[in-house]
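To start, the structure itself, in C-alpha cells.
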Amino acid sequence: MSMILIDGKIVSNSILSRIKEETKSLKANRRIVPGLALLLVGDNPASKVYVNSKKKACEELGFYSVVEHLPNDISESKVLEYIDKWNNDDRIHGILVQLPLPKHINELKVTLKILPSKDVDGFHPENFGRLVIGLPGFRPCTPAGIVELLKYYNIDTSGKHVVVVGRSNIVGKPIANLLYQKAPYANAIVTICHTGGGDIRKYTQQADILIVAIGRPKFITSDFIKEGVVVIDVGINRVEDPKSSKGYKLVGDVDFDSVAPKSYAITPVPGGVGPMTIAMLMYNTFLSASGEIDYSSL
Ligand code: NAP
C-alpha cells in the first residue's frame with residue numbers, strides 16, 4: 001500500500017472556501033461582517049510574515065481586519081490599552097496578538113486581558129479549561145487544524161495510541177487534551193513525551209499516530225517509529241540552504257525521507273500542518289462573529 005501524503009493546502013483551502021460562502025450568508029442575512037484585530041510588536045521578520053498572511057486571509061474571505069504594528073519598545077500598558085479598546089469594539093470579533101512579544105511585556109498578562117469570547121487563538125486559560133473539560137470554546141488553531149487533517153483523511157483516532165512529542169501550551173498540551181476527550185474524532189489513548197523522558201523511542205515506537213512539536217530539525221528518524229504509523233509533523237525550522245535564494249529552507253521536526261517510507265500517512269513541511277493554522281484562525285473568527293459559541297450561558 002502506498003503512503004498517503006497529508007496535504008494541508010487542500011484541506012485548508014476547502015475550509016477557507018466554506019468560510020467564504022458562510023460569510024456571504026452572514027453578511028446578507030444578519031448584516032454581520034467578521035472582524036479580526038491583529039497586533040504586532042517589533043520587527044521579527046517571521047512574525048511580520050505571519051501577520052501579513054493573516055491579514056491577506058481576512059481580505060480574501062471578506063472579513064474586516066485591523067493591524068496595529070507597534071515599536072519594540074512600546075510599554076506593556078499601551079499594549080493592554082489596545083486590547084481593551086478592541087474588547088469593547090463591536091466590529092472586532094477576534095483579537096490576535098502575534099507572539100513572541102519583547103521580553104519586557106508579560107505574554108500571560110496580555111493573553112489574560114483578551115476577552116475569552118474574542119480569544120480566537122484559544123490561548124486564554126478559560127478557553128484552555130473549556131477544552132480540558134469538554135465545553136464549547138475556541139480551540140487553539142494548530143491543534144484544531146491537526147484534528148481537521150485527521151478527519152479529512154478519515155484517520156480514526158478512537159482507541160488508537162497517540163504519542164505527542166512536546167508539551168508546549170500552544171501545541172503539545174492542547175492536542176493531547178483534544179484527542180483523549182470522550183468525543184467524536186478523539187477518544188484516543190494519549191502519551192506525552194518531553195525532555196524529561198530520556199530516550200523517548202520506547203514511547204514513540206508504540207505510536208499508532210505520532211504528533212511531533214519540538215522545534216528540532218529532522219529529530220525523528222525511522223528508528224523512532226513502527227511500520228504503518230500516521231505522522232503529523234508540526235515543526236517549522238529554518239535550516240541553512242546555500243542552494244536557495246533566501247539562504248535557508250524550512251524543514252520539520254521529522255526526517256521525512258527516512259520516516260515517510262515506513263508510514264501509512266505523513267504531513268510534509270512545508271504544506272502540512274502549517275496552512276491549517278491560519279484556516280482555523282479564520283474559522284474561530286467566523287464562529288465568534290456568528291455567535292456559535294455562547295460564552296454568556298455559563
Ligand atoms: P516549544 O514551546 O519550543 O516547546 C518544545 C517542546 O518540545 C517542549 O515541551 C520540549 O520539552 C519538547 N522537546 C524539545 N526537544 C525534545 C526532545 N529532544 N525530546 C522530547 N521533547 C523535546 O514548542 P512549540 O511552540 O510547540 O513549537 C514546536 C515546533 O512547532 C516549532 O518548530 C514551531 O515553529 C512549530 N510550530 C508550528 C506551528 C504551525 O502552524 N505549523 C504552530 C506552532 C508551532 P520540555 O518541556 O521538556 O522542554
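By convention here, the chains of the C-alpha cells are called A, B, ... in the order presented, each chain's residues are numbered starting at 1, and ligands are numbered starting at 1 in the order presented.
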Quiz item: Which residues form the shell of 9 Å around ligand 1 when you count only C-alpha atoms and all ligand atoms, given as a VMD selection string?
Solution: chain A and resid 141 to 143 145 165 to 173 192 to 200 212 to 217 219 to 220 233 to 238 251 to 253 269 to 270 272 to 278
Within 9 Å of range 80-95 of chain A, which residues of range 34-71 of chain A come that close, and what is the closest atom pair and distance in Å for each? Count only C-alpha atoms and give it as CSV.
```
residue,atom,partner,partner_atom,distance
A:Pro34,CA,A:His93,CA,6.3
A:Gly35,CA,A:Ile92,CA,4.5
A:Leu36,CA,A:Gly94,CA,4.7
A:Ala37,CA,A:Ile95,CA,4.8
A:Leu38,CA,A:Ile95,CA,6.2
A:Leu39,CA,A:Ile95,CA,7.9
A:Tyr64,CA,A:Arg91,CA,7.8
A:Ser65,CA,A:Ile92,CA,8.0
A:Val66,CA,A:Ile92,CA,8.8
A:Glu68,CA,A:Tyr82,CA,8.7
```
Prev. selection, all heavy atoms, output as a compact mmCIF listing (two decimals), in the first residue's frame:
```txt
# COMPACT_ATOMS: atom_id res chain seq x y z
N PRO A 34 -17.46 39.46 9.94
CA PRO A 34 -16.47 39.03 10.92
C PRO A 34 -15.27 39.99 10.94
O PRO A 34 -14.81 40.41 9.88
CB PRO A 34 -16.05 37.65 10.42
CG PRO A 34 -17.18 37.18 9.56
CD PRO A 34 -17.74 38.41 8.93
N GLY A 35 -14.82 40.34 12.13
CA GLY A 35 -13.71 41.30 12.25
C GLY A 35 -12.59 40.76 13.12
O GLY A 35 -12.84 40.21 14.20
N LEU A 36 -11.36 40.91 12.63
CA LEU A 36 -10.19 40.41 13.37
C LEU A 36 -9.19 41.55 13.58
O LEU A 36 -8.84 42.25 12.63
CB LEU A 36 -9.53 39.28 12.56
CG LEU A 36 -8.26 38.64 13.16
CD1 LEU A 36 -8.57 37.92 14.47
CD2 LEU A 36 -7.63 37.65 12.17
N ALA A 37 -8.74 41.73 14.83
CA ALA A 37 -7.71 42.72 15.13
C ALA A 37 -6.39 41.98 15.35
O ALA A 37 -6.33 41.00 16.09
CB ALA A 37 -8.09 43.51 16.37
N LEU A 38 -5.36 42.47 14.66
CA LEU A 38 -4.04 41.82 14.75
C LEU A 38 -3.04 42.79 15.35
O LEU A 38 -2.92 43.93 14.87
CB LEU A 38 -3.57 41.42 13.35
CG LEU A 38 -4.43 40.41 12.60
CD1 LEU A 38 -4.37 40.63 11.10
CD2 LEU A 38 -3.97 39.00 12.93
N LEU A 39 -2.33 42.36 16.37
CA LEU A 39 -1.34 43.23 17.00
C LEU A 39 0.05 42.63 16.84
O LEU A 39 0.29 41.48 17.20
CB LEU A 39 -1.66 43.39 18.49
CG LEU A 39 -0.79 44.41 19.19
CD1 LEU A 39 -1.45 45.78 19.17
CD2 LEU A 39 -0.52 44.01 20.62
N TYR A 64 -13.52 41.98 8.01
CA TYR A 64 -12.95 43.27 8.38
C TYR A 64 -11.69 42.98 9.21
O TYR A 64 -11.70 42.05 10.02
CB TYR A 64 -14.00 44.03 9.21
CG TYR A 64 -13.49 45.24 9.95
CD1 TYR A 64 -13.08 46.38 9.26
CD2 TYR A 64 -13.44 45.26 11.35
CE1 TYR A 64 -12.62 47.50 9.94
CE2 TYR A 64 -12.99 46.38 12.03
CZ TYR A 64 -12.58 47.48 11.32
OH TYR A 64 -12.13 48.59 12.00
N SER A 65 -10.61 43.74 8.97
CA SER A 65 -9.43 43.50 9.81
C SER A 65 -8.70 44.80 10.09
O SER A 65 -8.76 45.74 9.29
CB SER A 65 -8.48 42.51 9.14
OG SER A 65 -7.94 43.05 7.97
N VAL A 66 -8.05 44.86 11.25
CA VAL A 66 -7.17 45.99 11.56
C VAL A 66 -5.83 45.41 12.02
O VAL A 66 -5.80 44.42 12.74
CB VAL A 66 -7.71 46.90 12.69
CG1 VAL A 66 -8.72 47.88 12.19
CG2 VAL A 66 -8.26 46.12 13.86
N GLU A 68 -2.33 46.57 13.94
CA GLU A 68 -1.61 47.60 14.69
C GLU A 68 -0.18 47.11 14.83
O GLU A 68 0.07 46.06 15.42
CB GLU A 68 -2.29 47.77 16.05
CG GLU A 68 -2.18 49.12 16.65
CD GLU A 68 -2.74 50.24 15.78
OE1 GLU A 68 -3.96 50.26 15.51
OE2 GLU A 68 -1.93 51.10 15.37
```
Exercise. Name the residues of range 42-193 of chain A that come out as strand (DSSP E) in a backbone DSSP run; write them as number ranges by chain.
Key: A: 64-70, 94-97, 161-165, 189-193
Practice problem: Excluding Lys20 in chain A and residues on its chain fewer than 3 positions from it, collect all residues at most 10 Å away from it, counting only C-alpha atoms, and give them as a ChimeraX atom specification. | Solution: /A:14-17,23-26,58,60-63,282-283,286
Quiz item: So what do you get for CA of Val51 in chain A versus CA of Gln98 in chain A, distance-wise?
Solution: 7.1 Å
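For the pair CA of Leu112 in chain A and CA of Gly134 in chain A, the interatomic distance is 20.6 Å.
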Practice problem: Using backbone DSSP assignments, extract all helix (DSSP H, G or I) residues from range 66-97 of chain A; output them as number ranges by chain. | Solution: A: 76-87
Exercise. Excluding range 178-184 of chain A and any residue of its chain fewer than 4 positions from it, enumerate the residues within 7 Å of it, using only C-alpha atoms, and give them as a list of chain:residue names.
Key: A:Leu131, A:Gly134, A:Pro174, A:Ala188, A:Ile189, A:Val190
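Residues with any atom within 10 Å of His104 in chain A, counting only C-alpha atoms and excluding same-chain neighbours fewer than 5 positions away, are Asn72, Asp73, Ile74, Ser75 and Glu76 of chain A.
For the set A:Ala265, A:Ala176, A:Val239, A:Leu149, the residue with the smallest atom-to-atom gap to Lys9 in chain A is A:Leu149, counting only C-alpha atoms.
Among the candidates A:Phe123, A:Lys56, A:Gly137, A:Gly42, the residue lying nearest to Ser296 in chain A is A:Gly137 (atoms considered: only C-alpha atoms).
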